>>> print(open('entry_23.cif').read())   # mmCIF, C-alpha atoms
data_structure
#
loop_
_atom_site.label_atom_id
_atom_site.label_comp_id
_atom_site.auth_asym_id
_atom_site.auth_seq_id
_atom_site.Cartn_x
_atom_site.Cartn_y
_atom_site.Cartn_z
CA PRO A 109 14.91 16.14 -8.05
CA LEU A 110 13.53 16.08 -11.59
CA PHE A 111 15.97 13.48 -12.89
CA ASN A 112 16.13 11.29 -9.81
CA LYS A 113 15.48 7.74 -11.03
CA LYS A 114 13.63 6.91 -7.83
CA MET A 115 11.07 9.60 -8.57
CA LYS A 116 10.17 8.53 -12.08
CA SER A 117 9.52 5.09 -13.52
CA PRO A 118 9.58 4.32 -17.27
CA HIS A 119 7.66 1.07 -16.82
CA SER A 120 4.04 0.60 -17.74
CA TYR A 121 1.83 0.24 -14.68
CA VAL A 122 -0.51 -2.71 -14.24
CA TYR A 123 -3.56 -3.46 -12.11
CA ILE A 124 -4.97 -6.61 -10.60
CA VAL A 125 -8.55 -7.11 -11.72
CA ILE A 126 -10.83 -9.61 -10.00
CA HIS A 127 -13.93 -10.62 -11.95
CA THR A 128 -16.52 -10.97 -9.20
CA ASP A 129 -19.34 -10.40 -11.69
CA GLU A 130 -18.95 -13.87 -13.21
CA GLU A 131 -20.05 -17.30 -12.03
CA LEU A 132 -16.43 -18.37 -11.51
CA HIS A 133 -14.49 -15.43 -10.09
CA ARG A 134 -11.18 -14.81 -11.83
CA ILE A 135 -7.94 -12.96 -11.08
CA GLU A 136 -6.17 -11.28 -13.97
CA ILE A 137 -3.76 -8.45 -14.78
CA THR A 138 -4.73 -5.44 -16.87
CA LYS A 139 -3.21 -2.14 -17.97
CA ASN A 140 -6.56 -0.41 -18.43
CA PRO A 141 -8.96 -0.37 -15.47
CA ILE A 142 -12.56 0.48 -16.30
CA LYS A 143 -14.74 2.39 -13.87
CA ASN A 144 -17.99 0.89 -12.58
CA ASP A 145 -17.74 -2.32 -14.60
CA GLY A 146 -18.64 -4.62 -11.71
CA LYS A 147 -15.06 -5.79 -11.21
CA GLN A 148 -12.60 -5.04 -8.40
CA TYR A 149 -9.26 -3.39 -9.17
CA PHE A 150 -6.07 -3.11 -7.13
CA GLY A 151 -3.01 -1.07 -8.04
CA PRO A 152 -1.35 0.44 -9.92
CA PHE A 153 1.80 -1.68 -9.61
CA VAL A 154 5.07 -0.92 -11.35
CA SER A 155 6.40 -4.48 -11.72
CA ARG A 156 4.25 -6.70 -13.90
CA GLN A 157 6.57 -9.64 -13.30
CA THR A 158 6.31 -9.36 -9.52
CA VAL A 159 2.52 -9.09 -9.71
CA GLN A 160 2.38 -12.19 -11.91
CA LYS A 161 4.57 -14.12 -9.47
CA ALA A 162 2.45 -12.96 -6.51
CA ILE A 163 -0.80 -14.02 -8.18
CA LEU A 164 0.75 -17.39 -9.08
CA ALA A 165 1.84 -17.82 -5.45
CA ILE A 166 -1.67 -17.03 -4.20
CA LYS A 167 -3.22 -19.48 -6.67
CA GLU A 168 -0.77 -22.27 -5.92
CA TYR A 169 -1.09 -21.96 -2.17
CA ASN A 170 -4.89 -21.87 -2.27
CA GLN A 171 -5.11 -24.60 -4.94
CA ILE A 172 -7.01 -22.44 -7.41
CA LEU A 173 -4.48 -22.75 -10.23
CA CYS A 174 -6.90 -24.50 -12.57
CA SER A 175 -5.55 -25.11 -16.08
CA SER A 176 -9.01 -25.64 -17.55
CA PRO A 177 -11.59 -23.70 -15.47
CA ALA A 178 -14.20 -23.59 -18.24
CA ASN A 179 -14.23 -27.32 -18.88
CA LYS A 180 -16.54 -28.66 -16.10
CA ASN A 181 -16.40 -32.15 -17.60
CA SER A 182 -13.10 -33.62 -16.52
CA ALA A 183 -10.34 -32.81 -14.10
CA CYS A 184 -7.48 -30.69 -15.39
CA LEU A 185 -3.80 -31.60 -15.14
CA ASN A 186 -3.27 -29.29 -12.14
CA TYR A 187 -6.00 -31.16 -10.26
CA SER A 188 -3.81 -34.26 -10.29
CA LEU A 189 -0.88 -32.14 -9.11
CA ASN A 190 -2.88 -30.88 -6.11
CA LEU A 191 -2.86 -27.31 -7.46
CA CYS A 192 -6.58 -27.20 -8.29
CA ILE A 193 -9.51 -27.97 -6.00
CA GLY A 194 -11.65 -29.02 -8.98
CA MET A 195 -13.28 -25.93 -10.46
CA CYS A 196 -12.95 -27.72 -13.78
CA LEU A 197 -15.41 -30.30 -12.45
CA GLY A 198 -18.00 -27.71 -11.41
CA GLY A 199 -20.29 -28.29 -8.45
CA SER A 200 -19.35 -27.25 -4.92
CA ALA A 201 -15.73 -26.61 -5.93
CA VAL A 202 -16.88 -23.46 -7.72
CA GLU A 203 -18.41 -22.08 -4.53
CA LYS A 204 -15.26 -22.95 -2.59
CA HIS A 205 -13.14 -21.26 -5.24
CA ASN A 206 -15.23 -18.08 -5.08
CA SER A 207 -14.97 -18.10 -1.30
CA ILE A 208 -11.18 -18.25 -1.60
CA ILE A 209 -11.25 -15.33 -4.04
CA LYS A 210 -13.20 -13.29 -1.47
CA ASN A 211 -10.44 -14.01 1.03
CA VAL A 212 -7.88 -12.84 -1.53
CA ILE A 213 -9.80 -9.59 -1.92
CA ALA A 214 -9.79 -9.14 1.86
CA LEU A 215 -6.04 -9.78 1.85
CA LEU A 216 -5.39 -7.16 -0.84
CA LYS A 217 -7.54 -4.67 1.06
CA GLY A 218 -5.55 -5.35 4.21
CA ASN A 219 -8.57 -6.69 6.09
CA ASP A 220 -7.39 -10.29 6.46
CA THR A 221 -3.75 -11.40 6.66
CA LYS A 222 -4.50 -15.02 7.55
CA LEU A 223 -2.83 -16.21 4.34
CA ILE A 224 0.41 -14.45 5.29
CA ASP A 225 0.34 -15.98 8.77
CA GLU A 226 -0.26 -19.47 7.37
CA MET A 227 2.57 -19.12 4.86
CA GLU A 228 4.99 -17.91 7.54
CA GLN A 229 4.10 -20.93 9.68
CA LYS A 230 4.58 -23.24 6.71
CA MET A 231 8.00 -21.71 5.98
CA ALA A 232 9.08 -22.09 9.61
CA ALA A 233 7.88 -25.70 9.72
CA ALA A 234 9.76 -26.54 6.52
CA ALA A 235 12.95 -25.00 7.91
CA GLU A 236 12.62 -26.98 11.14
CA GLN A 237 12.36 -30.18 9.10
CA PHE A 238 15.44 -29.14 7.06
CA ALA A 239 13.27 -28.90 3.92
CA PHE A 240 15.17 -25.81 2.85
CA GLU A 241 14.03 -25.86 -0.78
CA ALA A 242 10.40 -25.73 0.30
CA ALA A 243 11.17 -23.02 2.87
CA VAL A 244 12.93 -20.88 0.26
CA LYS A 245 10.02 -21.26 -2.17
CA VAL A 246 7.51 -20.11 0.45
CA ARG A 247 9.82 -17.24 1.43
CA ASP A 248 9.98 -16.04 -2.19
CA GLN A 249 6.21 -16.32 -2.51
CA LEU A 250 5.78 -14.29 0.67
CA GLU A 251 8.04 -11.56 -0.66
CA ASP A 252 6.02 -11.27 -3.86
CA ILE A 253 2.69 -11.15 -2.01
CA THR A 254 4.05 -8.66 0.54
CA TYR A 255 5.02 -6.40 -2.36
CA LEU A 256 1.35 -6.20 -3.35
CA LEU A 257 0.25 -5.40 0.20
CA LYS A 258 2.88 -2.68 0.68
CA LYS A 259 1.91 -1.03 -2.59
CA GLU A 260 -1.75 -1.03 -1.57
CA LYS A 261 -0.79 0.67 1.72
CA VAL A 262 1.01 3.40 -0.22
CA ILE A 263 -2.04 3.93 -2.40
CA ASP A 264 -4.38 4.10 0.61
CA PHE A 265 -2.01 6.50 2.39
CA THR A 266 -1.93 8.82 -0.61
CA GLU A 267 -5.64 8.74 -1.45
CA GLU A 268 -6.53 9.57 2.17
CA ASP A 269 -5.02 13.01 1.44
CA LYS A 270 -4.06 13.68 5.07
CA ASN A 271 -2.35 16.78 6.45
CA ILE A 272 0.80 15.22 7.91
CA VAL A 273 3.15 17.06 10.24
CA MET A 274 6.47 15.33 10.81
CA ILE A 275 9.22 16.28 13.24
CA GLU A 276 12.77 14.99 12.90
CA CYS A 277 15.23 15.63 15.72
CA LEU A 278 18.56 16.95 14.48
CA SER A 279 20.13 17.61 17.88
CA ASP A 280 19.18 18.56 21.43
CA LYS A 281 18.73 22.12 20.25
CA THR A 282 17.36 21.80 16.73
CA PHE A 283 14.65 19.93 14.83
CA LYS A 284 13.27 19.86 11.32
CA LEU A 285 9.62 20.38 10.43
CA PHE A 286 8.08 18.64 7.42
CA LEU A 287 4.56 19.29 6.11
CA ILE A 288 3.24 16.59 3.76
CA LYS A 289 -0.04 16.18 1.88
CA ARG A 290 -0.97 13.41 -0.55
CA ASN A 291 2.29 12.81 -2.44
CA LYS A 292 3.84 16.25 -1.91
CA LEU A 293 6.38 17.61 0.53
CA LEU A 294 4.92 21.10 0.96
CA TYR A 295 7.33 22.52 3.50
CA ASN A 296 10.54 21.66 5.31
CA GLU A 297 12.57 23.93 7.56
CA LYS A 298 15.06 23.73 10.40
CA PHE A 299 14.09 25.28 13.76
CA SER A 300 15.73 26.03 17.09
CA ARG A 301 13.95 24.60 20.12
CA GLU A 302 14.80 27.63 22.25
CA ASN A 303 13.68 30.27 19.78
CA THR A 304 10.55 28.62 18.38
CA THR A 305 7.07 28.97 19.88
CA MET A 306 4.03 26.77 19.38
CA VAL A 307 2.16 29.82 18.10
CA GLN A 308 4.77 30.25 15.37
CA LEU A 309 4.60 26.60 14.34
CA SER A 310 0.81 26.61 14.40
CA SER A 311 0.75 29.66 12.14
CA ILE A 312 3.06 28.01 9.60
CA ILE A 313 1.07 24.76 9.59
CA HIS A 314 -2.25 26.55 9.19
CA SER A 315 -0.91 28.78 6.43
CA VAL A 316 0.69 25.99 4.39
CA PHE A 317 -2.13 23.47 4.57
CA SER A 318 -4.87 26.07 4.06
CA LYS A 319 -3.29 27.23 0.81
CA THR A 320 -2.95 23.71 -0.57
CA ASP A 321 -5.37 23.03 -3.40
CA ALA A 322 -7.38 19.83 -3.32
CA PRO A 323 -6.24 17.20 -5.84
CA LEU A 324 -7.98 17.39 -9.20
CA SER A 325 -8.66 13.65 -9.05
CA ILE A 326 -8.61 11.07 -6.28
CA GLU A 327 -7.03 8.62 -8.75
CA LEU A 328 -3.26 8.35 -8.60
CA THR A 329 -1.11 8.97 -11.63
CA LYS A 330 2.07 7.02 -12.24
CA ASP A 331 4.33 9.87 -11.16
CA GLU A 332 2.26 10.50 -8.03
CA LEU A 333 2.65 6.88 -7.00
CA ASP A 334 6.43 7.03 -7.43
CA GLU A 335 6.63 10.17 -5.30
CA ALA A 336 4.23 8.79 -2.69
CA GLN A 337 6.32 5.63 -2.38
CA ILE A 338 9.37 7.67 -1.35
CA ILE A 339 7.43 9.73 1.19
CA TYR A 340 5.64 6.69 2.64
CA SER A 341 8.90 4.75 2.96
CA TYR A 342 10.52 7.66 4.76
CA LEU A 343 7.61 8.00 7.17
CA GLU A 344 7.74 4.27 7.89
CA ASN A 345 11.49 3.86 8.25
CA SER A 346 12.86 7.13 9.62
CA ALA A 347 13.29 7.98 13.29
CA ALA A 348 11.00 10.97 12.87
CA ILE A 349 7.51 11.07 14.38
CA SER A 350 4.36 12.50 12.85
CA ILE A 351 0.76 13.49 13.49
CA VAL A 352 -2.23 14.24 11.29
CA ILE A 353 -3.90 17.66 11.40
CA PRO A 354 -7.67 17.28 10.80
CA ASP A 355 -9.16 19.50 8.09
CA GLN A 356 -11.65 20.74 10.68
CA TRP A 357 -8.87 22.45 12.64
CA LEU A 358 -7.83 24.34 9.53
CA VAL A 359 -11.30 25.29 8.32
CA GLN A 360 -12.45 26.47 11.74
CA ASN A 361 -9.09 28.09 12.48
CA GLN A 362 -8.65 26.08 15.66
CA THR A 363 -5.04 27.12 16.18
CA SER A 364 -5.03 26.21 19.87
CA TYR A 365 -5.57 22.55 18.94
CA ILE A 366 -2.62 22.70 16.54
CA GLU A 367 -0.46 24.34 19.23
CA ASP A 368 -1.31 21.61 21.74
CA ALA A 369 -0.62 18.91 19.16
CA MET A 370 2.77 20.38 18.31
CA SER A 371 3.68 20.76 21.96
CA SER A 372 2.91 17.09 22.54
CA LEU A 373 4.82 16.05 19.42
CA LEU A 374 7.93 17.99 20.38
CA SER A 375 7.86 16.67 23.92
CA VAL A 376 7.83 13.11 22.61
CA GLU A 377 10.60 13.81 20.13
CA ASN A 378 12.68 15.44 22.82
#
>>> encode(input="entry_23.cif", output="structure tokens")
Amino acid sequence: PLFNKKMKSPHSYVYIVIHTDEELHRIEITKNPIKNDGKQYFGPFVSRQTVQKAILAIKEYNQILCSSPANKNSACLNYSLNLCIGMCLGGSAVEKHNSIIKNVIALLKGNDTKLIDEMEQKMAAAAEQFAFEAAVKVRDQLEDITYLLKKEKVIDFTEEDKNIVMIECLSDKTFKLFLIKRNKLLYNEKFSRENTTMVQLSSIIHSVFSKTDAPLSIELTKDELDEAQIIYSYLENSAAISIVIPDQWLVQNQTSYIEDAMSSLLSVEN
């Protein structure tokens, strides 16, 4: 619906920018990503505050929260608090810091969740030792970092621009068919199991997806991200099941493949 608050967000979106083009890699927040500037960007994210808290959690846990990274003459205050590995002193600490930043990039890309595993173990250990304050702090940090990872998954899901067919069982005799692409629900209709053939479903799927125009840009707008979040959450949390129809099946009019896929999908749902 046009005025559904969940579909539109009045907040300004932000991005995480990682300066890998500098001697000492840095993590910052920006509202204006720049293409091909040698930096790595993640986002957009709707909550600047949550992103700030997540970045702080990452820095604290990895001891890269240096309060004077450009000094290289004397240790900063955070070094004495065990929050900085000594980038302010230069030397090998800079290489170690940059290595940690690479791990952070892998985490944001979803390629390495070791940090999450370590934090979960730390939280569990603190709880076992009745250090509940420490456990709660780690839990809150995990929630903030997980927010970043979930948002990145939504972005990846949307930019992949897949042809998604979803079936939701309504009863033993009826089901609902959803056709989704990028951030759009293209089609949804209720069907009878007894009166519906695979040929009929295949025809609908081919017709709907073949008529869908390609996105003008692979970059997500704010509104697209809001809409994609709702669709992604539904796909993740509902009892419905889904499959992806390859573009090749549509271009080459391979309707028999679509019919077989739908038959398998309905048999699982049933």
>>> residues_around(input="entry_23.cif", residues="Pro152 in chain A", least_positions_apart="5", cutoff="7 Å", atoms="only C-alpha atoms", output="list in words")
Tyr121, Val122 and Tyr123 of chain A
>>> atom_distance(input="entry_23.cif", atom1="CA of Ser155 in chain A", atom2="CA of Ile135 in chain A")
16.7 Å
>>> atom_distance(input="entry_23.cif", atom1="CA of Thr158 in chain A", atom2="CA of Tyr255 in chain A")
7.9 Å
>>> atom_distance(input="entry_23.cif", atom1="CA of Gly198 in chain A", atom2="CA of Arg134 in chain A")
14.6 Å
>>> residues_around(input="entry_23.cif", residues="range 268-270 of chain A", least_positions_apart="2", cutoff="9 Å", atoms="all atoms listed in the file", output="ChimeraX atom specification")
/A:263-266,272,288-291,322-323,326,352-355
>>> resolve_selection(input="entry_23.cif", expression="the PyMOL selection byres ((chain A and resi 141-148) around 10)", output="CSV table (one decimal) with C-alpha atoms, keeping the file's coordinate frame")
chain,number,residue,atom,x,y,z
A,122,VAL,CA,-0.5,-2.7,-14.2
A,123,TYR,CA,-3.6,-3.5,-12.1
A,124,ILE,CA,-5.0,-6.6,-10.6
A,125,VAL,CA,-8.6,-7.1,-11.7
A,126,ILE,CA,-10.8,-9.6,-10.0
A,127,HIS,CA,-13.9,-10.6,-12.0
A,128,THR,CA,-16.5,-11.0,-9.2
A,129,ASP,CA,-19.3,-10.4,-11.7
A,130,GLU,CA,-19.0,-13.9,-13.2
A,133,HIS,CA,-14.5,-15.4,-10.1
A,134,ARG,CA,-11.2,-14.8,-11.8
A,135,ILE,CA,-7.9,-13.0,-11.1
A,137,ILE,CA,-3.8,-8.4,-14.8
A,138,THR,CA,-4.7,-5.4,-16.9
A,139,LYS,CA,-3.2,-2.1,-18.0
A,140,ASN,CA,-6.6,-0.4,-18.4
A,149,TYR,CA,-9.3,-3.4,-9.2
A,150,PHE,CA,-6.1,-3.1,-7.1
A,151,GLY,CA,-3.0,-1.1,-8.0
A,152,PRO,CA,-1.4,0.4,-9.9
A,213,ILE,CA,-9.8,-9.6,-1.9
>>> axis_aligned_box(input="entry_23.cif", around="range 174-191 of chain A", padding_each_side="8 Å", output="lines of an AutoDock Vina configuration file")
center_x = -8.7
center_y = -28.9
center_z = -12.5
size_x = 31.7
size_y = 26.7
size_z = 28.8
>>> resolve_selection(input="entry_23.cif", expression="the PyMOL selection byres ((chain A and resi 307-319) around 9)", output="PDB file with C-alpha atoms, keeping the file's coordinate frame")
ATOM      1  CA  ASN A 271      -2.350  16.780   6.450  1.00  0.00           C
ATOM      2  CA  VAL A 273       3.150  17.060  10.240  1.00  0.00           C
ATOM      3  CA  LEU A 285       9.620  20.380  10.430  1.00  0.00           C
ATOM      4  CA  LEU A 287       4.560  19.290   6.110  1.00  0.00           C
ATOM      5  CA  ILE A 288       3.240  16.590   3.760  1.00  0.00           C
ATOM      6  CA  LYS A 289      -0.040  16.180   1.880  1.00  0.00           C
ATOM      7  CA  LEU A 294       4.920  21.100   0.960  1.00  0.00           C
ATOM      8  CA  TYR A 295       7.330  22.520   3.500  1.00  0.00           C
ATOM      9  CA  THR A 304      10.550  28.620  18.380  1.00  0.00           C
ATOM     10  CA  THR A 305       7.070  28.970  19.880  1.00  0.00           C
ATOM     11  CA  MET A 306       4.030  26.770  19.380  1.00  0.00           C
ATOM     12  CA  THR A 320      -2.950  23.710  -0.570  1.00  0.00           C
ATOM     13  CA  ASP A 321      -5.370  23.030  -3.400  1.00  0.00           C
ATOM     14  CA  ILE A 353      -3.900  17.660  11.400  1.00  0.00           C
ATOM     15  CA  ASP A 355      -9.160  19.500   8.090  1.00  0.00           C
ATOM     16  CA  TRP A 357      -8.870  22.450  12.640  1.00  0.00           C
ATOM     17  CA  LEU A 358      -7.830  24.340   9.530  1.00  0.00           C
ATOM     18  CA  VAL A 359     -11.300  25.290   8.320  1.00  0.00           C
ATOM     19  CA  ASN A 361      -9.090  28.090  12.480  1.00  0.00           C
ATOM     20  CA  THR A 363      -5.040  27.120  16.180  1.00  0.00           C
ATOM     21  CA  SER A 364      -5.030  26.210  19.870  1.00  0.00           C
ATOM     22  CA  TYR A 365      -5.570  22.550  18.940  1.00  0.00           C
ATOM     23  CA  ILE A 366      -2.620  22.700  16.540  1.00  0.00           C
ATOM     24  CA  GLU A 367      -0.460  24.340  19.230  1.00  0.00           C
ATOM     25  CA  MET A 370       2.770  20.380  18.310  1.00  0.00           C
TER      26      MET A 370
END
>>> residues_around(input="entry_23.cif", residues="Cys277 in chain A", least_positions_apart="5", cutoff="7 Å", atoms="all atoms listed in the file", output="compact mmCIF listing (two decimals) with C-alpha atoms, in the coordinates of the input")
# COMPACT_ATOMS: atom_id res chain seq x y z
CA THR A 282 17.36 21.80 16.73
CA PHE A 283 14.65 19.93 14.83
CA LYS A 284 13.27 19.86 11.32
CA ALA A 348 11.00 10.97 12.87
CA GLU A 377 10.60 13.81 20.13
>>> resolve_selection(input="entry_23.cif", expression="the PyMOL selection byres ((chain A and resi 212) around 12)", output="PyMOL selection string")
chain A and resi 124-126+128+133-135+148+150+162-163+165-167+169-170+172+205-211+213-224+253+256-257
>>> closest_residue(input="entry_23.cif", among="A:Glu251, A:Glu276, A:Glu344, A:Glu297", to="Leu373 in chain A", atoms="all atoms listed in the file")
A:Glu276
>>> closest_residue(input="entry_23.cif", among="A:Val159, A:Ile275, A:Ala336, A:Leu250", to="Lys292 in chain A", atoms="all atoms listed in the file")
A:Ala336
>>> residues_around(input="entry_23.cif", residues="Met231 in chain A", least_positions_apart="5", cutoff="8 Å", atoms="only C-alpha atoms", output="number ranges by chain")
A: 242-244, 246-247
>>> closest_residue(input="entry_23.cif", among="A:Glu136, A:Ala201, A:Val262, A:Met195", to="Tyr342 in chain A", atoms="only C-alpha atoms")
A:Val262
>>> residues_near_point(input="entry_23.cif", point="(-5.6, -25.8, -15.7)", cutoff="10 Å", atoms="only C-alpha atoms", output="PyMOL selection string")
chain A and resi 172-179+183-187+191-192+194-196
>>> build_atoms(input="entry_23.cif", residues="range 355-375 of chain A", atoms="N, CA, C and O atoms", output="tab-separated table (two decimals), in the frame of the given file")
chain	number	residue	atom	x	y	z
A	355	ASP	N	-8.72	18.36	8.90
A	355	ASP	CA	-9.16	19.50	8.09
A	355	ASP	C	-10.02	20.46	8.91
A	355	ASP	O	-10.00	21.67	8.67
A	356	GLN	N	-10.77	19.91	9.85
A	356	GLN	CA	-11.65	20.74	10.68
A	356	GLN	C	-10.87	21.81	11.43
A	356	GLN	O	-11.33	22.94	11.58
A	357	TRP	N	-9.68	21.47	11.91
A	357	TRP	CA	-8.87	22.45	12.64
A	357	TRP	C	-8.46	23.60	11.74
A	357	TRP	O	-8.33	24.75	12.18
A	358	LEU	N	-8.26	23.31	10.47
A	358	LEU	CA	-7.83	24.34	9.53
A	358	LEU	C	-9.01	25.21	9.10
A	358	LEU	O	-8.92	26.43	9.06
A	359	VAL	N	-10.12	24.57	8.79
A	359	VAL	CA	-11.30	25.29	8.32
A	359	VAL	C	-11.85	26.21	9.40
A	359	VAL	O	-12.23	27.36	9.15
A	360	GLN	N	-11.90	25.69	10.63
A	360	GLN	CA	-12.45	26.47	11.74
A	360	GLN	C	-11.39	27.29	12.48
A	360	GLN	O	-11.68	27.88	13.51
A	361	ASN	N	-10.19	27.29	11.91
A	361	ASN	CA	-9.09	28.09	12.48
A	361	ASN	C	-8.85	27.79	13.96
A	361	ASN	O	-8.67	28.69	14.78
A	362	GLN	N	-8.84	26.50	14.27
A	362	GLN	CA	-8.65	26.08	15.66
A	362	GLN	C	-7.15	25.95	15.96
A	362	GLN	O	-6.59	24.86	16.12
A	363	THR	N	-6.50	27.09	16.02
A	363	THR	CA	-5.04	27.12	16.18
A	363	THR	C	-4.59	26.57	17.53
A	363	THR	O	-3.49	26.03	17.64
A	364	SER	N	-5.42	26.70	18.54
A	364	SER	CA	-5.03	26.21	19.87
A	364	SER	C	-4.86	24.68	19.85
A	364	SER	O	-3.99	24.14	20.53
A	365	TYR	N	-5.69	24.00	19.06
A	365	TYR	CA	-5.57	22.55	18.94
A	365	TYR	C	-4.24	22.18	18.27
A	365	TYR	O	-3.58	21.21	18.66
A	366	ILE	N	-3.89	22.95	17.25
A	366	ILE	CA	-2.62	22.70	16.54
A	366	ILE	C	-1.44	22.95	17.47
A	366	ILE	O	-0.48	22.19	17.49
A	367	GLU	N	-1.54	24.02	18.28
A	367	GLU	CA	-0.46	24.34	19.23
A	367	GLU	C	-0.28	23.22	20.25
A	367	GLU	O	0.85	22.80	20.54
A	368	ASP	N	-1.38	22.70	20.77
A	368	ASP	CA	-1.31	21.61	21.74
A	368	ASP	C	-0.72	20.35	21.10
A	368	ASP	O	0.09	19.64	21.73
A	369	ALA	N	-1.11	20.09	19.85
A	369	ALA	CA	-0.62	18.91	19.16
A	369	ALA	C	0.88	19.01	18.93
A	369	ALA	O	1.63	18.04	19.11
A	370	MET	N	1.35	20.18	18.55
A	370	MET	CA	2.77	20.38	18.31
A	370	MET	C	3.58	20.30	19.61
A	370	MET	O	4.68	19.78	19.64
A	371	SER	N	3.00	20.83	20.66
A	371	SER	CA	3.68	20.76	21.96
A	371	SER	C	3.87	19.30	22.39
A	371	SER	O	4.94	18.92	22.87
A	372	SER	N	2.83	18.51	22.19
A	372	SER	CA	2.91	17.09	22.54
A	372	SER	C	3.91	16.36	21.66
A	372	SER	O	4.69	15.52	22.13
A	373	LEU	N	3.91	16.69	20.37
A	373	LEU	CA	4.82	16.05	19.42
A	373	LEU	C	6.27	16.35	19.75
A	373	LEU	O	7.13	15.45	19.77
A	374	LEU	N	6.57	17.60	20.07
A	374	LEU	CA	7.93	17.99	20.38
A	374	LEU	C	8.41	17.40	21.71
A	374	LEU	O	9.57	17.07	21.88
A	375	SER	N	7.49	17.25	22.63
A	375	SER	CA	7.86	16.67	23.92
A	375	SER	C	8.22	15.20	23.78
A	375	SER	O	9.11	14.68	24.44
